[in-house]
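S.K.: Contents are compact mmCIF, C-alpha atoms; file name query21.txt:
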```txt
# COMPACT_ATOMS: atom_id res chain seq x y z
CA MET A 1 -35.79 -21.64 2.16
CA SER A 2 -35.87 -18.00 1.10
CA ALA A 3 -33.09 -16.29 -0.80
CA HIS A 4 -32.11 -14.44 2.36
CA ASP A 5 -31.68 -17.70 4.26
CA TRP A 6 -28.67 -18.48 2.09
CA PHE A 7 -27.00 -15.30 3.28
CA VAL A 8 -27.93 -15.98 6.90
CA GLU A 9 -26.42 -19.44 6.58
CA HIS A 10 -23.18 -18.17 5.06
CA ARG A 11 -22.40 -15.19 7.28
CA MET A 12 -19.76 -17.11 9.17
CA ASP A 13 -18.27 -18.42 5.92
CA TYR A 14 -18.01 -14.87 4.65
CA VAL A 15 -16.07 -13.78 7.73
CA ALA A 16 -13.86 -16.86 7.54
CA ARG A 17 -13.43 -16.30 3.78
CA THR A 18 -14.21 -19.88 2.90
CA LEU A 19 -16.70 -18.89 0.20
CA GLU A 20 -15.79 -19.47 -3.42
CA GLU A 21 -15.02 -16.32 -5.44
CA SER A 22 -18.46 -16.08 -7.06
CA GLU A 23 -20.21 -16.66 -3.72
CA LEU A 24 -18.00 -14.05 -2.10
CA ARG A 25 -18.98 -11.43 -4.66
CA THR A 26 -22.66 -12.28 -4.25
CA PHE A 27 -22.35 -11.96 -0.49
CA GLN A 28 -20.49 -8.64 -0.73
CA ASP A 29 -23.20 -7.23 -2.99
CA HIS A 30 -25.84 -8.35 -0.52
CA LEU A 31 -24.01 -6.84 2.48
CA GLY A 32 -24.28 -3.39 0.97
CA ARG A 33 -28.06 -3.74 0.87
CA CYS A 34 -28.81 -5.68 4.04
CA PRO A 35 -28.20 -3.91 7.37
CA GLU A 36 -29.16 -7.03 9.30
CA CYS A 37 -26.46 -9.16 7.64
CA ALA A 38 -23.94 -6.30 7.89
CA ARG A 39 -24.64 -6.05 11.64
CA GLU A 40 -24.34 -9.79 12.16
CA VAL A 41 -21.12 -10.01 10.13
CA ALA A 42 -19.63 -7.21 12.26
CA SER A 43 -20.67 -9.11 15.36
CA ILE A 44 -19.00 -12.32 14.14
CA GLU A 45 -15.86 -10.37 13.25
CA LEU A 46 -15.79 -8.95 16.76
CA ASP A 47 -16.29 -12.37 18.35
CA LEU A 48 -13.48 -13.87 16.26
CA ALA A 49 -11.27 -10.77 16.41
CA TRP A 50 -8.40 -12.58 18.10
CA LEU A 51 -8.67 -15.86 16.23
CA PRO A 52 -5.85 -14.92 13.80
CA MET A 53 -3.51 -14.90 16.77
CA GLY A 54 -3.81 -18.65 16.78
CA ALA A 55 -1.07 -18.55 14.15
CA ALA A 56 2.28 -18.66 15.86
CA PRO A 57 4.36 -15.49 15.63
CA VAL A 58 7.43 -15.45 13.42
CA ALA A 59 10.74 -14.01 14.54
CA LEU A 60 11.63 -10.96 12.48
CA ARG A 61 14.72 -11.32 10.34
CA PRO A 62 17.57 -9.02 11.39
CA GLY A 63 16.92 -5.50 10.19
CA LEU A 64 13.33 -6.20 9.15
CA SER A 65 11.81 -3.80 11.71
CA ARG A 66 13.95 -1.00 10.36
CA ARG A 67 13.16 -1.88 6.74
CA LEU A 68 9.44 -1.98 7.48
CA ALA A 69 9.56 1.39 9.22
CA GLU A 70 11.52 2.87 6.34
CA GLY A 71 9.14 1.32 3.84
CA VAL A 72 6.12 2.74 5.63
CA LEU A 73 7.61 6.20 6.00
CA GLU A 74 9.08 6.36 2.56
CA THR A 75 7.13 8.82 0.44
CA ARG A 76 7.75 10.11 -3.01
CA GLY A 77 9.17 13.32 -1.63
CA ARG A 78 11.38 11.67 0.88
CA ARG A 79 12.67 9.26 -1.75
CA TRP A 80 13.45 12.13 -4.04
CA MET A 81 15.14 14.17 -1.34
CA ARG A 82 17.21 11.20 -0.25
CA ARG A 83 18.47 10.72 -3.78
CA ALA A 84 18.89 14.39 -4.58
CA MET A 85 20.54 15.60 -1.43
CA PRO A 86 23.74 13.54 -1.75
CA ALA A 87 24.03 14.72 -5.35
CA ALA A 88 23.56 18.33 -4.31
CA LEU A 89 26.02 17.89 -1.49
CA ALA A 90 28.55 16.22 -3.77
CA ALA A 91 28.17 18.97 -6.35
CA SER A 92 28.66 21.66 -3.73
CA LEU A 93 31.68 19.90 -2.28
CA LEU A 94 33.27 19.45 -5.69
CA LEU A 95 32.76 23.07 -6.53
CA GLY A 96 34.04 24.10 -3.13
CA ALA A 97 37.16 22.00 -3.53
CA ALA A 98 37.77 23.36 -7.00
CA GLY A 99 37.49 26.90 -5.67
CA TRP A 100 40.01 26.24 -2.92
CA LEU A 101 42.52 24.79 -5.39
CA ALA A 102 42.20 27.73 -7.76
CA GLY A 103 43.46 30.15 -5.16
CA ARG A 104 42.18 32.97 -3.12
CA GLN A 105 41.80 35.32 -6.11
CA GLU A 106 39.33 32.92 -7.56
CA THR A 107 37.23 32.76 -4.41
CA GLY A 108 34.80 35.48 -5.40
CA ARG A 109 34.29 34.11 -8.88
CA LEU A 110 33.86 30.57 -7.63
CA ALA A 111 31.48 31.66 -4.93
CA ARG A 112 29.34 33.28 -7.59
CA GLU A 113 29.62 30.20 -9.78
CA LEU A 114 28.74 28.01 -6.84
CA GLU A 115 25.74 30.14 -6.13
CA GLU A 116 24.72 30.01 -9.78
CA ARG A 117 25.11 26.25 -9.93
CA ASP A 118 23.26 25.88 -6.68
CA SER A 119 20.39 27.86 -8.07
CA ARG A 120 20.50 25.80 -11.27
CA LEU A 121 20.55 22.66 -9.20
CA THR A 122 17.61 23.95 -7.17
CA ALA A 123 15.78 24.79 -10.38
CA LEU A 124 16.61 21.36 -11.77
CA MET A 125 15.40 19.69 -8.58
CA ASP A 126 12.24 21.72 -8.80
CA THR A 127 11.80 20.79 -12.45
CA VAL A 128 12.39 17.12 -11.83
CA SER A 129 10.02 17.18 -8.88
CA ILE A 130 7.31 18.53 -11.18
CA MET A 131 8.05 15.80 -13.69
CA ARG A 132 7.94 13.17 -11.00
CA GLY A 133 4.75 14.59 -9.58
CA ALA A 134 3.04 15.10 -12.91
CA ASP A 135 -0.50 13.81 -13.02
CA ARG A 136 -0.60 14.02 -16.76
CA VAL A 137 1.93 14.21 -19.57
CA LEU A 138 0.95 15.67 -22.93
CA GLN A 139 3.06 15.09 -25.99
CA ALA A 140 3.00 16.24 -29.61
CA SER A 141 5.37 16.12 -32.55
CA ILE A 142 6.62 19.25 -34.25
CA ASP A 143 7.55 19.32 -37.91
CA MET A 144 9.44 22.47 -38.82
CA ASP A 145 11.07 22.71 -42.23
CA GLY A 146 11.49 18.98 -42.46
CA ARG A 147 13.08 18.72 -39.03
CA GLU A 148 11.17 16.70 -36.49
CA GLY A 149 10.97 17.74 -32.87
CA GLY A 150 8.56 17.45 -30.04
CA ILE A 151 6.82 19.17 -27.16
CA LEU A 152 6.19 17.60 -23.77
CA ILE A 153 4.05 19.09 -21.03
CA PHE A 154 4.14 17.71 -17.49
CA ASP A 155 0.97 18.85 -15.75
CA ASP A 156 1.21 19.05 -11.96
CA SER A 157 -2.29 19.71 -10.70
CA ALA A 158 -1.09 19.98 -7.11
CA THR A 159 1.04 23.07 -7.77
CA HIS A 160 -0.90 24.24 -10.85
CA ARG A 161 2.27 24.40 -12.88
CA TRP A 162 3.40 23.01 -16.17
CA ASN A 163 6.89 21.93 -16.94
CA VAL A 164 7.39 22.26 -20.68
CA VAL A 165 10.16 20.67 -22.73
CA ILE A 166 10.54 21.54 -26.40
CA HIS A 167 13.22 19.84 -28.43
CA GLY A 168 14.36 19.43 -32.00
CA LEU A 169 13.41 22.91 -33.18
CA PRO A 170 15.64 24.41 -35.88
CA PRO A 171 16.63 28.06 -35.42
CA ALA A 172 13.63 30.30 -36.09
CA PRO A 173 13.54 31.85 -39.58
CA ALA A 174 14.96 35.36 -39.79
CA GLY A 175 12.63 37.92 -38.24
CA GLN A 176 10.50 35.26 -36.58
CA VAL A 177 10.29 33.70 -33.13
CA TYR A 178 8.72 30.60 -31.68
CA ARG A 179 6.02 31.33 -29.11
CA PHE A 180 4.25 29.12 -26.60
CA TRP A 181 0.50 29.73 -26.04
CA PHE A 182 -2.05 28.67 -23.49
CA ILE A 183 -5.35 27.74 -25.13
CA CYS A 184 -7.89 29.06 -22.62
CA GLU A 185 -11.66 29.02 -22.55
CA ASP A 186 -11.95 32.69 -23.51
CA LYS A 187 -8.86 33.27 -25.65
CA MET A 188 -5.30 32.30 -26.44
CA VAL A 189 -2.94 33.65 -23.80
CA PRO A 190 0.69 34.19 -24.88
CA GLY A 191 3.38 32.28 -23.03
CA PRO A 192 7.13 32.69 -23.32
CA GLU A 193 9.18 32.97 -26.46
CA VAL A 194 10.95 29.71 -27.12
CA SER A 195 14.57 29.80 -28.13
CA ALA A 196 15.81 27.02 -30.40
CA GLY A 197 19.22 25.56 -29.86
CA THR A 198 21.16 22.38 -29.52
CA SER A 199 19.75 21.64 -26.08
CA PRO A 200 16.00 21.37 -25.43
CA ALA A 201 14.14 24.45 -24.25
CA LEU A 202 12.83 23.85 -20.78
CA PHE A 203 10.60 26.12 -18.71
CA THR A 204 8.16 26.02 -15.85
CA LEU A 205 4.93 27.92 -16.21
CA PRO A 206 2.24 28.84 -13.74
CA MET A 207 -1.28 28.89 -15.13
CA PRO A 208 -2.18 32.24 -16.71
CA PRO A 209 -4.27 34.56 -14.51
CA GLU A 210 -6.52 35.57 -17.42
CA GLY A 211 -8.42 33.87 -20.20
CA GLY A 212 -10.42 31.43 -18.11
CA LYS A 213 -9.85 27.71 -17.74
CA VAL A 214 -6.79 26.34 -19.53
CA MET A 215 -7.85 23.86 -22.21
CA GLY A 216 -4.54 23.15 -23.89
CA ALA A 217 -1.41 24.62 -25.39
CA ALA A 218 0.03 25.52 -28.76
CA LEU A 219 3.35 26.42 -30.31
CA THR A 220 3.47 28.90 -33.19
CA VAL A 221 6.06 30.72 -35.20
CA GLU A 222 5.36 34.48 -35.14
CA SER A 223 6.83 37.62 -36.55
CA ALA A 224 9.41 39.02 -34.14
CA ALA A 225 8.15 42.52 -34.85
CA THR A 226 4.59 41.82 -33.71
CA PRO A 227 3.99 42.08 -29.96
CA PRO A 228 2.33 38.94 -28.62
CA GLY A 229 -1.41 39.45 -28.52
CA GLU A 230 -3.00 36.63 -30.37
CA PRO A 231 -1.42 34.03 -32.61
CA ARG A 232 -1.13 34.97 -36.26
CA GLY A 233 1.68 32.73 -37.44
CA ARG A 234 1.86 29.09 -38.39
CA ARG A 235 0.74 26.68 -35.72
CA LEU A 236 3.43 24.00 -35.24
CA ALA A 237 1.82 22.00 -32.48
CA GLU A 238 -1.39 21.90 -30.52
CA LEU A 239 -2.13 19.86 -27.41
CA MET A 240 -5.51 19.66 -25.72
CA LEU A 241 -6.07 18.51 -22.14
CA MET B 1 0.08 -27.70 10.82
CA ARG B 2 0.96 -24.06 10.74
CA VAL B 3 -0.64 -23.44 14.08
CA THR B 4 1.76 -24.40 16.80
CA SER B 5 1.07 -27.37 18.96
CA THR B 6 -1.62 -26.67 21.51
CA ARG B 7 -1.23 -29.57 23.86
CA ARG B 8 0.95 -27.66 26.27
CA HIS B 9 -1.86 -25.15 26.70
CA ALA B 10 -4.61 -27.63 27.38
CA GLY B 11 -6.59 -26.84 30.45
CA GLN B 12 -5.96 -23.13 30.37
CA GLN B 13 -9.19 -21.22 30.21
CA ALA B 14 -9.63 -18.32 27.86
CA ALA B 15 -12.06 -16.70 30.24
CA SER B 16 -9.51 -16.58 33.02
CA SER B 17 -6.86 -14.82 30.97
CA PRO B 18 -6.21 -11.31 32.18
CA ARG B 19 -7.48 -8.35 30.24
CA GLY B 20 -4.40 -6.47 29.15
CA SER B 21 -2.36 -4.85 26.49
CA ILE B 22 0.46 -6.12 24.34
CA TRP B 23 1.69 -2.55 23.95
CA ALA B 24 4.02 -0.98 26.48
CA ALA B 25 1.69 1.94 27.07
CA GLY B 26 -1.68 0.52 26.03
CA GLY B 27 -3.26 0.21 22.60
CA GLU B 28 -5.33 3.37 22.74
CA SER B 29 -2.35 5.44 23.77
CA LEU B 30 -0.33 3.95 20.93
CA ARG B 31 -3.09 4.74 18.47
CA ALA B 32 -3.21 8.32 19.71
CA ARG B 33 0.53 8.63 19.16
CA LEU B 34 0.18 7.16 15.68
CA VAL B 35 -2.54 9.67 14.89
CA ALA B 36 -0.08 12.35 16.04
CA ARG B 37 2.40 10.93 13.47
CA ASP B 38 4.85 9.81 16.15
CA GLU B 39 7.41 7.71 14.26
CA ARG B 40 8.56 6.03 17.47
CA ALA B 41 5.02 4.78 17.93
CA LEU B 42 5.22 3.31 14.43
CA ALA B 43 8.44 1.52 15.38
CA GLU B 44 6.76 0.17 18.49
CA LEU B 45 3.76 -1.00 16.47
CA ILE B 46 6.05 -2.78 14.02
CA ASP B 47 8.11 -4.43 16.75
CA VAL B 48 5.12 -5.80 18.61
CA ALA B 49 2.61 -6.55 15.86
CA SER B 50 4.82 -7.71 12.99
CA PRO B 51 5.73 -11.14 14.40
CA TRP B 52 2.01 -11.97 14.63
CA LEU B 53 1.15 -10.53 11.24
CA LEU B 54 4.08 -12.35 9.68
CA GLY B 55 2.90 -15.53 11.38
CA ILE B 56 -0.45 -15.25 9.62
CA ALA B 57 0.97 -14.31 6.22
CA GLN B 58 3.86 -16.75 6.23
CA GLY B 59 1.67 -19.57 7.45
CA MET B 60 -0.56 -19.21 4.42
CA LEU B 61 1.86 -18.06 1.75
CA GLN B 62 4.83 -20.20 2.76
CA ASP B 63 7.04 -17.47 1.37
CA PRO B 64 8.87 -15.21 3.85
CA VAL B 65 9.55 -12.47 1.29
CA GLU B 66 5.95 -12.26 0.12
CA ALA B 67 4.77 -12.41 3.73
CA GLU B 68 6.97 -9.40 4.54
CA GLU B 69 5.46 -7.57 1.58
CA VAL B 70 2.00 -8.17 3.01
CA VAL B 71 3.05 -6.86 6.42
CA LEU B 72 4.59 -3.77 4.81
CA GLU B 73 1.35 -3.16 2.89
CA VAL B 74 -0.75 -3.50 6.02
CA MET B 75 1.54 -1.30 8.12
CA THR B 76 1.52 1.34 5.39
CA ILE B 77 -2.28 1.32 5.26
CA ALA B 78 -2.45 1.54 9.05
CA TRP B 79 0.00 4.45 9.14
CA ASN B 80 -1.68 6.34 6.32
CA ARG B 81 -5.23 5.78 7.53
CA ILE B 82 -4.73 5.59 11.26
CA GLU B 83 -7.44 8.19 11.84
CA LEU B 84 -9.95 5.68 10.48
CA VAL B 85 -8.49 2.56 12.07
CA GLY B 86 -10.16 1.79 15.36
CA ALA B 87 -12.10 5.04 15.24
CA GLU B 88 -15.35 3.32 16.11
CA GLY B 89 -14.13 1.50 19.15
CA SER B 90 -12.58 -1.47 17.37
CA ALA B 91 -9.08 -2.13 18.59
CA LEU B 92 -5.99 -1.60 16.50
CA MET B 93 -4.53 -5.09 16.72
CA PRO B 94 -7.67 -6.97 15.57
CA TRP B 95 -7.87 -4.58 12.64
CA LEU B 96 -4.27 -5.34 11.70
CA LEU B 97 -4.88 -9.07 12.06
CA ARG B 98 -8.01 -9.00 9.93
CA VAL B 99 -6.51 -6.89 7.16
CA THR B 100 -3.36 -9.00 7.09
CA ARG B 101 -5.37 -12.18 6.81
CA ASN B 102 -7.59 -10.76 4.06
CA ARG B 103 -4.63 -9.41 2.08
CA THR B 104 -2.82 -12.71 2.44
CA ILE B 105 -5.82 -14.66 1.20
CA ASP B 106 -6.13 -12.25 -1.74
CA ARG B 107 -2.54 -12.99 -2.70
CA LEU B 108 -2.91 -16.69 -2.10
CA ARG B 109 -5.95 -16.93 -4.36
CA ALA B 110 -4.43 -14.73 -7.04
CA ARG B 111 -1.38 -16.98 -6.97
CA ARG B 112 -3.56 -20.07 -7.28
CA ARG B 113 -5.45 -18.59 -10.16
CA ARG B 114 -2.19 -17.76 -11.91
CA SER B 115 -0.67 -21.14 -11.59
CA ALA B 116 -2.43 -24.42 -11.16
CA ALA B 117 0.89 -26.10 -10.70
CA LEU B 118 1.77 -23.85 -7.82
CA ALA B 119 -1.66 -24.51 -6.35
CA VAL B 120 -0.83 -28.19 -6.24
CA ALA B 121 2.46 -27.44 -4.55
CA SER B 122 0.95 -25.09 -2.00
CA ALA B 123 -1.70 -27.62 -1.20
CA ASP B 124 1.02 -29.93 0.06
CA PRO B 125 1.07 -29.45 3.82
CA ASP B 126 4.77 -30.32 4.00
CA ILE B 127 5.90 -27.56 1.67
CA GLY B 128 7.82 -24.91 3.55
CA ARG B 129 7.12 -26.42 6.92
CA HIS B 130 10.78 -26.89 7.77
CA VAL B 131 11.76 -23.30 7.03
CA GLU B 132 8.70 -21.93 8.70
CA GLU B 133 9.05 -23.86 11.90
CA GLU B 134 12.66 -22.77 12.27
CA SER B 135 11.64 -19.14 12.38
CA ARG B 136 8.66 -19.51 14.68
CA ILE B 137 8.85 -17.78 18.04
CA ASP B 138 8.16 -20.14 20.88
CA GLU B 139 8.51 -17.74 23.71
CA ALA B 140 5.84 -17.41 26.33
CA GLY B 141 7.15 -13.94 27.19
CA ALA B 142 6.44 -12.52 23.74
CA PRO B 143 3.92 -9.67 23.78
CA GLY B 144 0.50 -11.06 23.02
CA TRP B 145 1.41 -14.60 23.94
CA HIS B 146 -1.47 -14.79 26.42
CA VAL B 147 -3.89 -14.12 23.55
CA HIS B 148 -2.24 -16.82 21.46
CA ARG B 149 -2.61 -19.19 24.40
CA SER B 150 -6.28 -18.32 24.86
CA VAL B 151 -7.01 -18.89 21.19
CA HIS B 152 -5.29 -22.25 21.34
CA THR B 153 -7.28 -23.24 24.37
CA ALA B 154 -10.41 -22.46 22.37
CA LEU B 155 -9.14 -24.37 19.33
CA ASP B 156 -8.19 -27.33 21.50
CA SER B 157 -11.70 -27.52 22.83
CA LEU B 158 -13.03 -28.36 19.36
CA PRO B 159 -13.54 -31.96 18.23
CA GLU B 160 -10.64 -32.94 16.01
CA ASP B 161 -12.60 -33.02 12.73
CA GLN B 162 -13.91 -29.50 13.32
CA ARG B 163 -10.50 -28.26 14.45
CA THR B 164 -8.87 -29.59 11.29
CA ALA B 165 -11.48 -27.95 9.06
CA VAL B 166 -11.16 -24.65 10.96
CA ARG B 167 -7.37 -24.69 10.67
CA LEU B 168 -7.44 -25.37 6.95
CA ALA B 169 -10.01 -22.63 6.45
CA TYR B 170 -8.72 -20.00 8.80
CA PHE B 171 -4.98 -20.52 8.96
CA GLU B 172 -4.33 -21.86 5.48
CA GLY B 173 -6.95 -19.83 3.62
CA LEU B 174 -8.67 -22.73 1.85
CA THR B 175 -12.22 -22.44 0.51
CA HIS B 176 -14.97 -24.97 1.14
CA SER B 177 -14.25 -26.88 -2.03
CA GLU B 178 -10.49 -26.88 -1.43
CA ILE B 179 -10.98 -28.27 2.07
CA ALA B 180 -13.31 -30.94 0.71
CA GLU B 181 -10.68 -31.92 -1.82
CA ARG B 182 -7.86 -31.87 0.71
CA LEU B 183 -9.75 -33.99 3.24
CA ALA B 184 -11.53 -36.07 0.59
CA ILE B 185 -14.91 -35.50 2.21
CA PRO B 186 -18.19 -34.15 0.79
CA LEU B 187 -18.65 -30.39 0.52
CA GLY B 188 -21.68 -30.50 2.79
CA THR B 189 -19.64 -32.18 5.52
CA VAL B 190 -17.02 -29.44 5.30
CA LYS B 191 -19.66 -26.75 5.67
CA THR B 192 -21.22 -28.50 8.64
CA ARG B 193 -17.87 -28.95 10.41
CA LEU B 194 -16.94 -25.32 9.83
CA ARG B 195 -20.31 -24.02 10.96
CA LEU B 196 -20.14 -26.04 14.16
CA GLY B 197 -16.46 -25.25 14.74
CA PHE B 198 -16.73 -21.51 14.24
CA GLY B 199 -19.94 -21.44 16.26
CA ARG B 200 -18.14 -22.99 19.21
CA LEU B 201 -15.19 -20.64 18.77
CA ARG B 202 -17.50 -17.64 18.92
CA VAL B 203 -18.66 -18.82 22.30
CA SER B 204 -15.28 -19.78 23.68
CA LEU B 205 -13.56 -16.61 22.46
CA ALA B 206 -16.35 -14.36 23.72
CA PRO B 207 -14.58 -13.62 27.03
CA ILE B 208 -11.61 -12.09 25.23
CA LYS B 209 -13.41 -10.31 22.42
CA ASP B 210 -13.44 -6.95 24.18
CA TRP B 211 -9.77 -6.88 24.94
CA VAL B 212 -8.25 -3.64 23.84
CA LEU B 213 -4.85 -4.38 22.40
```
Written as structure tokens, that's how I'd like the structure from this file.
M.R.:
Amino acid sequence: MSAHDWFVEHRMDYVARTLEESELRTFQDHLGRCPECAREVASIELDLAWLPMGAAPVALRPGLSRRLAEGVLETRGRRWMRRAMPAALAASLLLGAAGWLAGRQETGRLARELEERDSRLTALMDTVSIMRGADRVLQASIDMDGREGGILIFDDSATHRWNVVIHGLPPAPAGQVYRFWFICEDKMVPGPEVSAGTSPALFTLPMPPEGGKVMGAALTVESAATPPGEPRGRRLAELML
Amino acid sequence: MRVTSTRRHAGQQAASSPRGSIWAAGGESLRARLVARDERALAELIDVASPWLLGIAQGMLQDPVEAEEVVLEVMTIAWNRIELVGAEGSALMPWLLRVTRNRTIDRLRARRRRSAALAVASADPDIGRHVEEESRIDEAGAPGWHVHRSVHTALDSLPEDQRTAVRLAYFEGLTHSEIAERLAIPLGTVKTRLRLGFGRLRVSLAPIKDWVL
């Protein structure tokens, strides 16, 4: 009996999945190398294609069809939209109701506020969608004058954007500013100035058009008088992809 | 047994069963609509195929919730990769059946590996039978029933020892050694019975193998 005879003998067992785990792996490895066995296995599968219908069907529980369809169709985006839209709607309604109660004189102001909040909500939704869709999250601690903070970068390779959160920074020393930098293949490309405050700084950044491939990011403290060209100040954090 | 009684079907010939479709508008048309991302086609697929897929998964897993998870997984794969499913002439329904059975066996074996105690429980043929049988469809008008009947005719034609081995292997997902242990017979005898049984089934199911459902 040759080694191949074992595979010939167990083709049916492979299709029926009666092989033990180790045998199954051996057979799978062999199938990738043996067109004859692959052809014969396909033929057995075709012959026995309807055999699973020997199992009696089960009545679907009430609502199961709908749940299955929803489960199949549910994507990350849809899930997010379904959760976000009621919140957006509720926020708009609340603001609308508040505007009506405040009187007609307030209408213009409230409309502007509503618009502003809507745009903030849209920005927030956009931000959260980047966080949810991030393929990679980079994190580093920042130690500035004994105060500990952090920097988080959510990298969304699909949209080529970063969502950056910087928290725990004390106010910049007099005459200085915090600056975000892209570390690129060719050079450091300046990003936005980062304002320190009680709430975290949060911004969304497209990849810089110059400097070559982005390799990482850095946060420095720079002189406010110097226009951003290349970093000269103290480097507070550095993150590499 | 998880496979419904076959006596009532005795005498019916698989070869004489009509070629047909369990879908309202034919399997190929349904596939084309699925490729076109028609969500109504998905609903139709779920309505018609799920009872059969659940039958396979629930029969092996004995757990309705886990069985539904398997069906959801399979339907999601089918929906997301419909361009590849049946692209080379293989029909949609056999693909769904095969993937469901494979996924179910994967879960069953992972479960057995995780818990020897559970393996003992699941090896008890009476476990879950009551619940399962209550939810079984026994309706000759159900879409696909003629296929079910043809398969049972083929199974009925097997000698009892081969039929038992085939059922334990194919509908309960047991391996050679598990069947040998369950039936308290030598491993070689199990292999022989399965080889003979499946060989006969290949012949008796040949007339329906090209059905496009």
S.K.: What separation in Å, quoted to one decimal, exists between CA of Glu181 (chain B) and CA of Arg163 (chain B)?
M.R.: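 Computing it gives 16.7 Å between the two atoms.
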S.K.: Residues of chain A that approach chain B to 12 Å or less, counting all atoms listed in the file: could you list each one with the shortest pair of atoms and its distance in Å to one decimal, rows by chain and increasing residue number, as CSV?
M.R.:
```
residue,atom,partner,partner_atom,distance
A:Val8,CA,B:Arg195,CA,11.8
A:Glu9,CA,B:Arg195,CA,8.8
A:His10,CA,B:Arg195,CA,8.8
A:Arg11,CA,B:Arg195,CA,9.8
A:Met12,CA,B:Arg195,CA,7.2
A:Asp13,CA,B:Arg195,CA,7.8
A:Tyr14,CA,B:Thr175,CA,10.4
A:Val15,CA,B:Arg98,CA,9.6
A:Ala16,CA,B:Tyr170,CA,6.2
A:Arg17,CA,B:Thr175,CA,7.1
A:Thr18,CA,B:Thr175,CA,4.0
A:Leu19,CA,B:Thr175,CA,5.7
A:Glu20,CA,B:Thr175,CA,6.1
A:Glu21,CA,B:Thr175,CA,9.0
A:Ser22,CA,B:Thr175,CA,11.7
A:Glu23,CA,B:Thr175,CA,10.7
A:Leu24,CA,B:Thr175,CA,10.5
A:Ala42,CA,B:Ser90,CA,10.4
A:Ser43,CA,B:Arg202,CA,9.8
A:Ile44,CA,B:Arg202,CA,7.3
A:Glu45,CA,B:Arg98,CA,8.6
A:Leu46,CA,B:Lys209,CA,6.3
A:Asp47,CA,B:Lys209,CA,5.4
A:Leu48,CA,B:Arg202,CA,6.1
A:Ala49,CA,B:Pro94,CA,5.3
A:Trp50,CA,B:Pro94,CA,6.2
A:Leu51,CA,B:Val151,CA,6.0
A:Pro52,CA,B:Leu97,CA,6.2
A:Met53,CA,B:His148,CA,5.2
A:Gly54,CA,B:His148,CA,5.3
A:Ala55,CA,B:Val3,CA,4.9
A:Ala56,CA,B:Gly55,CA,5.5
A:Pro57,CA,B:Trp52,CA,4.3
A:Val58,CA,B:Arg136,CA,4.4
A:Ala59,CA,B:Ile137,CA,5.5
A:Leu60,CA,B:Pro51,CA,6.2
A:Arg61,CA,B:Ser135,CA,8.6
A:Pro62,CA,B:Ser135,CA,11.8
A:Gly63,CA,B:Asp47,CA,11.0
A:Leu64,CA,B:Glu68,CA,8.5
A:Ser65,CA,B:Asp47,CA,6.3
A:Arg66,CA,B:Ala43,CA,7.9
A:Arg67,CA,B:Leu72,CA,9.0
A:Leu68,CA,B:Leu72,CA,5.8
A:Ala69,CA,B:Ala43,CA,6.3
A:Glu70,CA,B:Ala43,CA,9.6
A:Gly71,CA,B:Leu72,CA,6.9
A:Val72,CA,B:Thr76,CA,4.8
A:Leu73,CA,B:Thr76,CA,7.8
A:Glu74,CA,B:Thr76,CA,9.5
A:Thr75,CA,B:Thr76,CA,10.6
```
S.K.: Fewer than 4 positions away in the same chain doesn't count, so skip those; otherwise give me all residues within 9 Å of region 163-172 of chain A, counting all atoms listed in the file, as a ChimeraX atom specification.
M.R.: /A:127-128,130-131,134,142-145,147-156,176-178,194-206,221
S.K.: Rounded to one decimal in Å, what is the spacing between CA of Gly229 (chain A) and CA of Ala174 (chain A)?
M.R.: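 Separation between CA of Gly229 (chain A) and CA of Ala174 (chain A): 20.3 Å.
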S.K.: Record the distance separating CA of Leu30 (chain B) and CA of Arg81 (chain B), expressed in Å with one decimal.
M.R.: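 Distance between the two atoms: 14.4 Å.
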